[in-house]
>>> print(open('my_file06.txt').read())   # compact mmCIF, C-alpha atoms and all ligand atoms
# COMPACT_ATOMS: atom_id res chain seq x y z
CA ALA A 1 16.39 87.69 -9.93
CA GLN A 2 18.90 85.93 -12.16
CA ARG A 3 19.53 83.32 -9.49
CA GLU A 4 15.78 82.99 -9.02
CA ASP A 5 15.15 82.20 -12.69
CA PHE A 6 18.06 79.81 -12.78
CA VAL A 7 16.86 77.89 -9.71
CA ALA A 8 13.24 77.91 -10.85
CA GLY A 9 14.12 76.46 -14.25
CA LEU A 10 16.25 73.54 -13.05
CA PRO A 11 14.63 70.11 -13.30
CA LYS A 12 14.34 68.59 -9.84
CA ALA A 13 13.75 65.31 -8.06
CA GLU A 14 12.25 65.32 -4.59
CA LEU A 15 13.37 62.49 -2.31
CA HIS A 16 12.07 63.59 1.10
CA LEU A 17 8.41 64.53 1.12
CA HIS A 18 5.74 63.34 3.54
CA ILE A 19 2.55 63.47 1.55
CA GLU A 20 0.53 64.22 4.69
CA GLY A 21 2.85 67.19 5.25
CA SER A 22 1.71 68.72 1.97
CA LEU A 23 -1.83 69.21 3.29
CA GLU A 24 -2.48 72.92 2.82
CA PRO A 25 -4.85 74.65 5.28
CA GLU A 26 -7.29 75.41 2.45
CA LEU A 27 -7.61 71.72 1.59
CA MET A 28 -7.77 70.85 5.30
CA PHE A 29 -10.85 73.05 5.60
CA ALA A 30 -12.42 71.70 2.43
CA LEU A 31 -11.96 68.09 3.54
CA ALA A 32 -13.17 68.84 7.07
CA GLN A 33 -16.35 70.20 5.54
CA ARG A 34 -16.74 67.35 3.03
CA ASN A 35 -16.34 64.77 5.80
CA ALA A 36 -18.18 66.70 8.52
CA ILE A 37 -15.15 66.66 10.81
CA ASP A 38 -14.59 69.28 13.50
CA ILE A 39 -11.19 70.92 13.48
CA PRO A 40 -10.03 73.26 16.24
CA PHE A 41 -9.47 76.20 13.90
CA ALA A 42 -11.86 78.92 12.73
CA SER A 43 -9.95 80.02 9.66
CA VAL A 44 -7.04 79.30 7.35
CA GLU A 45 -5.19 82.17 9.03
CA GLU A 46 -5.69 80.55 12.43
CA VAL A 47 -4.23 77.30 11.12
CA ARG A 48 -1.16 79.04 9.75
CA ALA A 49 -0.73 80.92 13.04
CA ALA A 50 -0.57 77.58 14.85
CA TYR A 51 2.45 76.59 12.76
CA ALA A 52 5.10 77.91 15.13
CA PHE A 53 7.31 75.11 16.37
CA SER A 54 10.17 74.87 18.86
CA ASN A 55 11.15 71.33 17.96
CA LEU A 56 10.14 68.19 16.06
CA GLN A 57 7.57 67.00 18.62
CA ASP A 58 5.73 70.37 18.55
CA PHE A 59 5.29 69.90 14.83
CA LEU A 60 4.35 66.23 14.99
CA ASP A 61 1.48 66.94 17.41
CA ILE A 62 -0.09 69.30 14.87
CA TYR A 63 0.82 67.11 11.88
CA TYR A 64 -0.98 64.03 13.25
CA GLN A 65 -3.96 66.18 14.13
CA GLY A 66 -4.04 67.74 10.65
CA MET A 67 -4.30 64.38 8.92
CA SER A 68 -7.55 63.60 10.76
CA VAL A 69 -9.49 65.20 7.87
CA LEU A 70 -8.24 62.47 5.48
CA ARG A 71 -10.89 59.74 5.43
CA THR A 72 -11.73 58.50 1.94
CA GLU A 73 -9.81 57.20 -1.04
CA GLN A 74 -10.75 60.43 -2.84
CA ASP A 75 -9.25 62.51 0.02
CA PHE A 76 -5.89 60.79 -0.39
CA HIS A 77 -6.11 61.24 -4.12
CA ASP A 78 -6.90 64.96 -3.82
CA LEU A 79 -4.10 65.51 -1.30
CA THR A 80 -1.54 63.78 -3.48
CA MET A 81 -2.71 65.39 -6.72
CA ALA A 82 -2.53 68.84 -5.11
CA TYR A 83 1.12 68.14 -4.25
CA PHE A 84 1.96 67.10 -7.81
CA GLN A 85 0.19 70.10 -9.33
CA ARG A 86 2.08 72.41 -7.00
CA VAL A 87 5.53 70.97 -7.63
CA HIS A 88 4.93 70.76 -11.37
CA ARG A 89 5.40 74.55 -11.24
CA ASP A 90 8.74 73.99 -9.48
CA GLN A 91 9.97 71.76 -12.32
CA VAL A 92 9.86 68.61 -10.21
CA ARG A 93 10.14 65.66 -12.61
CA HIS A 94 10.37 62.80 -10.13
CA ALA A 95 9.30 62.29 -6.51
CA GLU A 96 9.86 59.50 -4.00
CA ILE A 97 7.04 60.09 -1.56
CA PHE A 98 6.67 59.03 2.08
CA PHE A 99 3.37 58.13 3.61
CA ASP A 100 2.54 57.26 7.21
CA PRO A 101 0.02 54.37 7.11
CA GLN A 102 -0.06 54.12 10.91
CA GLY A 103 -1.20 57.74 11.11
CA HIS A 104 -4.33 56.56 9.34
CA THR A 105 -4.92 53.00 10.53
CA GLU A 106 -4.69 54.23 14.15
CA ARG A 107 -7.77 56.40 13.55
CA GLY A 108 -9.77 53.76 11.72
CA VAL A 109 -8.88 54.57 8.10
CA SER A 110 -7.73 51.41 6.36
CA PHE A 111 -4.31 50.91 4.84
CA ASP A 112 -6.03 50.12 1.53
CA THR A 113 -8.00 53.38 1.50
CA ALA A 114 -4.89 55.46 2.12
CA ILE A 115 -2.64 53.72 -0.36
CA SER A 116 -5.13 53.30 -3.18
CA GLY A 117 -6.00 57.01 -3.32
CA THR A 118 -2.33 57.95 -3.16
CA LEU A 119 -1.39 55.51 -5.93
CA ARG A 120 -4.21 56.67 -8.18
CA ALA A 121 -2.91 60.25 -7.96
CA MET A 122 0.62 59.01 -8.68
CA ASP A 123 -0.69 57.33 -11.85
CA ASP A 124 -2.54 60.54 -12.81
CA ALA A 125 0.59 62.63 -12.20
CA LYS A 126 2.54 60.41 -14.57
CA SER A 127 -0.04 60.58 -17.37
CA ASP A 128 -1.24 64.19 -16.91
CA LEU A 129 1.92 65.98 -15.73
CA GLY A 130 4.76 63.69 -16.77
CA ILE A 131 6.00 63.38 -13.18
CA SER A 132 7.24 59.92 -12.22
CA SER A 133 7.03 58.83 -8.60
CA HIS A 134 7.47 56.05 -6.09
CA LEU A 135 5.98 55.38 -2.70
CA ILE A 136 7.93 54.73 0.50
CA MET A 137 5.99 53.53 3.51
CA CYS A 138 7.27 54.86 6.83
CA PHE A 139 7.03 53.22 10.23
CA LEU A 140 6.26 55.57 13.11
CA ARG A 141 9.20 55.13 15.45
CA HIS A 142 7.32 56.21 18.59
CA LEU A 143 5.24 53.04 18.15
CA SER A 144 6.54 49.51 18.71
CA GLU A 145 8.38 47.25 16.30
CA GLU A 146 5.44 44.88 16.62
CA ASP A 147 3.16 47.61 15.23
CA ALA A 148 5.62 48.11 12.37
CA PHE A 149 5.45 44.36 11.60
CA ALA A 150 1.64 44.56 11.50
CA THR A 151 1.92 47.46 9.05
CA LEU A 152 4.31 45.50 6.84
CA GLU A 153 1.74 42.70 6.83
CA GLN A 154 -1.01 45.09 5.70
CA ALA A 155 1.30 46.20 2.89
CA GLU A 156 1.71 42.67 1.58
CA PRO A 157 -0.91 42.91 -1.22
CA TRP A 158 0.62 46.20 -2.37
CA LEU A 159 4.30 45.32 -2.37
CA ASP A 160 4.63 45.61 -6.14
CA ARG A 161 3.65 49.29 -5.75
CA ILE A 162 5.81 50.09 -2.71
CA LEU A 163 9.44 50.91 -3.31
CA GLY A 164 10.70 50.88 0.22
CA VAL A 165 10.28 51.42 3.92
CA GLY A 166 11.32 54.41 5.98
CA LEU A 167 11.41 55.45 9.62
CA ASP A 168 10.00 58.74 10.87
CA SER A 169 8.28 60.54 13.79
CA SER A 170 9.86 61.31 17.19
CA GLU A 171 13.56 60.56 16.89
CA LEU A 172 14.99 61.11 20.37
CA GLY A 173 14.52 58.02 22.52
CA HIS A 174 13.60 55.87 19.51
CA PRO A 175 16.91 54.79 17.95
CA PRO A 176 17.00 52.92 14.65
CA SER A 177 18.07 49.67 16.36
CA LYS A 178 14.55 49.40 17.80
CA PHE A 179 13.44 48.40 14.27
CA VAL A 180 16.28 46.10 13.23
CA ASN A 181 14.06 43.02 12.74
CA VAL A 182 11.31 44.66 10.72
CA PHE A 183 13.84 46.34 8.43
CA ALA A 184 15.55 42.98 7.87
CA ARG A 185 12.18 41.49 6.92
CA ALA A 186 11.44 44.40 4.57
CA ARG A 187 14.84 44.01 2.92
CA ASP A 188 14.17 40.26 2.43
CA LYS A 189 11.03 41.26 0.57
CA GLY A 190 13.11 43.36 -1.82
CA LEU A 191 12.17 46.74 -0.37
CA LYS A 192 14.62 49.64 -0.22
CA CYS A 193 15.44 50.89 3.27
CA VAL A 194 15.72 54.52 4.35
CA ALA A 195 15.50 56.18 7.76
CA HIS A 196 15.34 59.61 9.32
CA ALA A 197 18.47 59.95 11.45
CA GLY A 198 20.55 62.80 12.77
CA GLU A 199 17.72 65.34 12.51
CA GLU A 200 17.52 65.78 16.28
CA GLY A 201 19.27 62.55 17.21
CA PRO A 202 23.03 62.11 17.71
CA PRO A 203 25.57 60.74 15.21
CA ALA A 204 25.24 57.35 16.93
CA TYR A 205 21.71 57.09 15.50
CA VAL A 206 23.09 57.63 12.01
CA ARG A 207 25.61 54.83 12.62
CA GLU A 208 22.78 52.56 13.78
CA ALA A 209 20.78 53.37 10.67
CA LEU A 210 23.78 52.31 8.58
CA ASP A 211 24.82 49.25 10.58
CA SER A 212 21.52 47.90 11.95
CA LEU A 213 19.00 48.99 9.32
CA LYS A 214 21.45 48.87 6.40
CA ILE A 215 19.87 51.92 4.85
CA ASP A 216 20.15 52.74 1.16
CA ARG A 217 19.61 56.46 1.79
CA LEU A 218 19.81 58.75 4.82
CA ASP A 219 17.00 61.21 5.59
CA HIS A 220 18.34 64.46 7.10
CA GLY A 221 21.67 63.33 8.57
CA ASN A 222 22.57 66.84 9.75
CA ARG A 223 24.20 65.78 13.01
CA SER A 224 26.57 63.40 11.19
CA LEU A 225 28.82 66.44 10.86
CA GLU A 226 29.64 66.21 14.58
CA ASP A 227 31.53 62.98 13.87
CA GLY A 228 34.44 63.25 11.44
CA GLU A 229 34.86 59.48 11.02
CA LEU A 230 31.18 59.16 10.20
CA VAL A 231 31.38 61.92 7.59
CA LYS A 232 34.31 60.11 5.98
CA ARG A 233 32.37 56.88 5.90
CA LEU A 234 29.24 58.50 4.40
CA ALA A 235 31.36 60.13 1.72
CA GLU A 236 33.22 56.90 0.91
CA GLU A 237 30.00 54.91 0.69
CA GLY A 238 28.47 57.55 -1.58
CA MET A 239 25.46 57.77 0.70
CA THR A 240 22.77 60.23 -0.40
CA LEU A 241 21.48 62.58 2.31
CA THR A 242 17.97 64.00 1.86
CA VAL A 243 18.42 67.38 3.50
CA CYS A 244 15.47 69.69 4.23
CA PRO A 245 16.63 73.26 4.92
CA LEU A 246 13.31 75.04 5.55
CA SER A 247 12.22 72.13 7.75
CA ASN A 248 15.42 72.45 9.76
CA LEU A 249 14.74 76.15 10.20
CA ALA A 250 11.08 75.68 11.17
CA LEU A 251 11.93 72.96 13.72
CA CYS A 252 14.87 74.89 15.19
CA VAL A 253 17.43 72.32 14.07
CA VAL A 254 19.23 75.48 12.89
CA ASP A 255 18.61 78.99 14.24
CA ASP A 256 19.28 80.71 10.94
CA LEU A 257 19.58 79.43 7.37
CA ARG A 258 23.02 81.04 7.22
CA GLN A 259 24.08 78.44 9.79
CA HIS A 260 22.68 75.57 7.76
CA PRO A 261 25.25 72.76 7.26
CA LEU A 262 24.39 72.10 3.62
CA LYS A 263 27.47 73.80 2.21
CA LYS A 264 29.71 72.03 4.72
CA MET A 265 28.17 68.76 3.58
CA LEU A 266 29.04 69.46 -0.04
CA ASP A 267 32.54 70.59 0.93
CA ALA A 268 33.01 67.32 2.84
CA GLY A 269 32.14 65.33 -0.27
CA LEU A 270 28.69 64.24 0.90
CA ARG A 271 25.95 63.65 -1.66
CA ALA A 272 23.46 66.11 -0.27
CA THR A 273 20.08 66.86 -1.84
CA ILE A 274 17.49 69.58 -1.17
CA ASN A 275 13.94 68.60 -0.24
CA SER A 276 10.84 70.10 1.34
CA ASP A 277 9.87 67.47 4.01
CA ASP A 278 6.44 68.89 4.99
CA PRO A 279 6.04 71.93 2.74
CA SER A 280 2.64 73.05 3.94
CA TYR A 281 3.92 73.26 7.50
CA PHE A 282 7.42 74.60 6.86
CA GLY A 283 6.69 77.43 4.46
CA GLY A 284 8.03 76.29 1.12
CA TYR A 285 8.14 73.74 -1.68
CA MET A 286 11.22 72.79 -3.71
CA ASN A 287 12.02 76.11 -5.36
CA ASP A 288 11.72 78.00 -2.07
CA ASN A 289 14.05 75.51 -0.40
CA PHE A 290 16.60 75.81 -3.20
CA LEU A 291 16.41 79.57 -3.49
CA ARG A 292 16.42 80.50 0.18
CA THR A 293 19.29 78.11 0.89
CA ALA A 294 21.28 79.35 -2.10
CA GLU A 295 20.85 82.93 -0.92
CA ALA A 296 21.63 82.24 2.74
CA LEU A 297 24.75 80.20 1.97
CA ASP A 298 25.71 82.13 -1.17
CA LEU A 299 25.88 78.91 -3.18
CA THR A 300 27.50 79.03 -6.60
CA ALA A 301 25.69 78.00 -9.78
CA ASP A 302 27.83 74.84 -9.81
CA GLU A 303 26.78 73.97 -6.28
CA ILE A 304 23.12 74.51 -7.10
CA VAL A 305 23.39 72.27 -10.14
CA THR A 306 25.19 69.62 -8.07
CA LEU A 307 22.35 69.65 -5.55
CA ALA A 308 19.74 69.24 -8.29
CA LYS A 309 21.76 66.46 -9.94
CA ASN A 310 22.21 64.69 -6.62
CA GLY A 311 18.42 64.48 -6.41
CA PHE A 312 18.34 62.41 -9.59
CA SER A 313 21.45 60.34 -8.90
CA GLY A 314 20.24 59.70 -5.34
CA SER A 315 16.87 58.47 -6.56
CA PHE A 316 16.06 54.78 -6.78
CA GLU A 317 15.58 55.03 -10.54
CA ASP A 318 17.98 53.23 -12.87
CA ALA A 319 21.28 54.69 -14.08
CA GLU A 320 19.84 55.67 -17.45
CA PHE A 321 17.16 57.85 -15.81
CA GLN A 322 19.61 59.33 -13.32
CA THR A 323 21.83 60.75 -16.04
CA ARG A 324 19.16 61.55 -18.65
CA ALA A 325 17.24 63.84 -16.32
CA LEU A 326 19.76 66.70 -16.24
N1 LIG B 401 7.20 63.13 9.95
C1 LIG B 401 6.93 64.09 9.07
N2 LIG B 401 7.98 64.92 8.95
C2 LIG B 401 8.95 64.45 9.77
C3 LIG B 401 10.26 64.86 10.10
N3 LIG B 401 10.85 65.92 9.54
N4 LIG B 401 10.95 64.14 11.00
C4 LIG B 401 10.39 63.09 11.57
N5 LIG B 401 9.16 62.66 11.31
C5 LIG B 401 8.45 63.33 10.41
ZN ZN B 402 10.89 63.94 7.06
>>> encode(input="my_file06.txt", output="C-alpha cells", more="lines below")
Ligand code: ADE
Ligand code: ZN
Amino acid sequence: AQREDFVAGLPKAELHLHIEGSLEPELMFALAQRNAIDIPFASVEEVRAAYAFSNLQDFLDIYYQGMSVLRTEQDFHDLTMAYFQRVHRDQVRHAEIFFDPQGHTERGVSFDTAISGTLRAMDDAKSDLGISSHLIMCFLRHLSEEDAFATLEQAEPWLDRILGVGLDSSELGHPPSKFVNVFARARDKGLKCVAHAGEEGPPAYVREALDSLKIDRLDHGNRSLEDGELVKRLAEEGMTLTVCPLSNLALCVVDDLRQHPLKKMLDAGLRATINSDDPSYFGGYMNDNFLRTAEALDLTADEIVTLAKNGFSGSFEDAEFQTRAL
C-alpha cells in the first residue's frame, strides 16, 4: 500500500498513447447510439470479453473496428477529454498523444474532423486540468508510403499544431525503411520523428528506425535487447524508449510481467519510460502500468522515480520544463 501511494502520487508524463486506444466500451456504446452505428456487441461485458489477444494483429483488428463509432468533431473531443479526465487522477501532467488519421479517412471521416475535435480537447485539458499535450500523427505501416504522403499533405494546414510523425500498426513485414522518403519530408517540415520498432519486429527494424527514419524517440524497442551492440548505441545516443508493459503482456510480447525487460533496460543504461499504449484495450492507465510493473520486477523507489523522470526528460518539451516537472 505504501508503494501504491508513492506511485500514485508521482507526477507523470505519458509519451506513448494512441488516443483511439483509450476508447472505453461505455463510450463506444454511447457513440454508437448517438451516431446510429451498429456494433457487433450486445453489452459492455461482451466488448471486454472480446479483448483477448494472442498478438499485435489480433488487437489491431478489434482496434480499427472499435474506432468506427468515431464520426463527428464532438466524438473526437469527447474521446480525448475522457482520456485527460482519466489520467488527471493518475497525476499525468503532460501527454504526447498519437492519433491514426488513416484509420478515419479510410472510412470517410475527414482529417479535419478528427484533428479539430482532438485539438479542442487538448486545449480544454490545458485550461481545465492543467495538463499540457502535443499531438503526433502516425502513419499506418500496413498501408503504402504513397498513402502516408497523402496523409502528410492533408496535415499541411495543421502543421503548427502537430509536433511530429510516428509509425504504427502491423510491424512484421513492414520495416521502417518502407517509409524513408515520407519521414525525410516530414523532418524537412520541422516535425519530430518517432516510430514503433522492436515490439514484435527484430533488432534490425530498430536499426532501420535509427538509420533510415532518423528517429528522435523509439516506441517500444523491447527486442533491441537481443543485440548488445544496438543496446550500447541506444544508451550512448541517450535514446528514450517508450515502453508499455501492460500492452506487452496483453499482446503476448511477454508471457508474464515478471519476465518484462524493463529492469534490464534500466540496468543497461537505457532511458526507458512507462506508458499505457492503448489503455482501454490493455487493462490499465499510467498508475496501473507503473504499479504492476514495479511489483512484478520489484523495482526500487529510485528506479520508479527514474522511470517517471525519464517521461519528462524524454518529452519534446524544452529543458526548463523537463527539469521543473519533478
Ligand atoms: N496501434 C495502436 N497500438 C499499437 C501498438 N502497440 N503497436 C502498433 N500499432 C499500434
Ligand atoms: Zn503503440
>>> atom_distance(input="my_file06.txt", atom1="atom CA of A:Ser132", atom2="atom CA of A:Trp158")
18.1 Å
>>> residues_near_ligand(input="my_file06.txt", ligand="ligand LIG 401 (chain B)", cutoff="7 Å", atoms="all atoms listed in the file", output="list of chain:residue names")
A:His18, A:Gly21, A:Leu56, A:Leu60, A:Asp168, A:Ser169, A:Ser170, A:Glu171, A:His196, A:Ser247, A:Asp277, A:Asp278
>>> axis_aligned_box(input="my_file06.txt", around="stretch 165-179 of chain A", padding_each_side="3 Å", output="lines of an AutoDock Vina configuration file")
center_x = 13.2
center_y = 54.9
center_z = 13.2
size_x = 15.8
size_y = 18.9
size_z = 24.6
>>> closest_residue(input="my_file06.txt", among="A:Leu15, A:Cys138, A:Val206, A:Ala50", to="A:Gly103", atoms="all atoms listed in the file")
A:Cys138
>>> residues_near_ligand(input="my_file06.txt", ligand="ligand ZN 402 (chain B)", cutoff="12 Å", atoms="all atoms listed in the file", output="compact mmCIF listing (two decimals) with C-alpha atoms, in the frame of the given file")
# COMPACT_ATOMS: atom_id res chain seq x y z
CA GLU A 14 12.25 65.32 -4.59
CA LEU A 15 13.37 62.49 -2.31
CA HIS A 16 12.07 63.59 1.10
CA LEU A 17 8.41 64.53 1.12
CA HIS A 18 5.74 63.34 3.54
CA ILE A 19 2.55 63.47 1.55
CA GLU A 20 0.53 64.22 4.69
CA GLY A 21 2.85 67.19 5.25
CA SER A 22 1.71 68.72 1.97
CA LEU A 56 10.14 68.19 16.06
CA PHE A 59 5.29 69.90 14.83
CA LEU A 60 4.35 66.23 14.99
CA TYR A 63 0.82 67.11 11.88
CA GLU A 96 9.86 59.50 -4.00
CA ILE A 97 7.04 60.09 -1.56
CA PHE A 98 6.67 59.03 2.08
CA PHE A 99 3.37 58.13 3.61
CA ASP A 100 2.54 57.26 7.21
CA ILE A 136 7.93 54.73 0.50
CA CYS A 138 7.27 54.86 6.83
CA PHE A 139 7.03 53.22 10.23
CA LEU A 140 6.26 55.57 13.11
CA GLY A 166 11.32 54.41 5.98
CA LEU A 167 11.41 55.45 9.62
CA ASP A 168 10.00 58.74 10.87
CA SER A 169 8.28 60.54 13.79
CA SER A 170 9.86 61.31 17.19
CA GLU A 171 13.56 60.56 16.89
CA VAL A 194 15.72 54.52 4.35
CA ALA A 195 15.50 56.18 7.76
CA HIS A 196 15.34 59.61 9.32
CA ALA A 197 18.47 59.95 11.45
CA GLY A 198 20.55 62.80 12.77
CA GLU A 199 17.72 65.34 12.51
CA GLU A 200 17.52 65.78 16.28
CA LEU A 218 19.81 58.75 4.82
CA ASP A 219 17.00 61.21 5.59
CA HIS A 220 18.34 64.46 7.10
CA GLY A 221 21.67 63.33 8.57
CA LEU A 241 21.48 62.58 2.31
CA THR A 242 17.97 64.00 1.86
CA VAL A 243 18.42 67.38 3.50
CA CYS A 244 15.47 69.69 4.23
CA PRO A 245 16.63 73.26 4.92
CA LEU A 246 13.31 75.04 5.55
CA SER A 247 12.22 72.13 7.75
CA ASN A 248 15.42 72.45 9.76
CA LEU A 251 11.93 72.96 13.72
CA ILE A 274 17.49 69.58 -1.17
CA ASN A 275 13.94 68.60 -0.24
CA SER A 276 10.84 70.10 1.34
CA ASP A 277 9.87 67.47 4.01
CA ASP A 278 6.44 68.89 4.99
CA PRO A 279 6.04 71.93 2.74
CA TYR A 281 3.92 73.26 7.50
CA PHE A 282 7.42 74.60 6.86
>>> closest_atom_pairs(input="my_file06.txt", of="stretch 47-108 of chain A", to="stretch 292-316 of chain A", cutoff="10 Å", atoms="all atoms listed in the file", output="Markdown table")
| residue | atom | partner | partner_atom | distance |
| --- | --- | --- | --- | --- |
| A:Arg93 | CA | A:Phe312 | CA | 9.3 |
| A:His94 | CA | A:Phe312 | CA | 8.0 |
| A:Ala95 | CA | A:Ser315 | CA | 8.5 |
| A:Glu96 | CA | A:Ser315 | CA | 7.5 |
>>> atom_distance(input="my_file06.txt", atom1="atom CA of A:Gly66", atom2="atom CA of A:Pro176")
26.0 Å
>>> closest_atom_pairs(input="my_file06.txt", of="stretch 31-104 of chain A", to="stretch 112-116 of chain A", cutoff="9 Å", atoms="all atoms listed in the file", output="JSON lines")
{"residue": "A:Leu70", "atom": "CA", "partner": "A:Ala114", "partner_atom": "CA", "distance": 8.5}
{"residue": "A:Arg71", "atom": "CA", "partner": "A:Thr113", "partner_atom": "CA", "distance": 8.0}
{"residue": "A:Thr72", "atom": "CA", "partner": "A:Thr113", "partner_atom": "CA", "distance": 6.3}
{"residue": "A:Glu73", "atom": "CA", "partner": "A:Thr113", "partner_atom": "CA", "distance": 4.9}
{"residue": "A:Gln74", "atom": "CA", "partner": "A:Thr113", "partner_atom": "CA", "distance": 8.7}
{"residue": "A:Asp75", "atom": "CA", "partner": "A:Ala114", "partner_atom": "CA", "distance": 8.6}
{"residue": "A:Phe76", "atom": "CA", "partner": "A:Ala114", "partner_atom": "CA", "distance": 6.0}
{"residue": "A:His77", "atom": "CA", "partner": "A:Ser116", "partner_atom": "CA", "distance": 8.1}
{"residue": "A:Phe99", "atom": "CA", "partner": "A:Ile115", "partner_atom": "CA", "distance": 8.4}
{"residue": "A:Pro101", "atom": "CA", "partner": "A:Ala114", "partner_atom": "CA", "distance": 7.1}
{"residue": "A:His104", "atom": "CA", "partner": "A:Ala114", "partner_atom": "CA", "distance": 7.3}
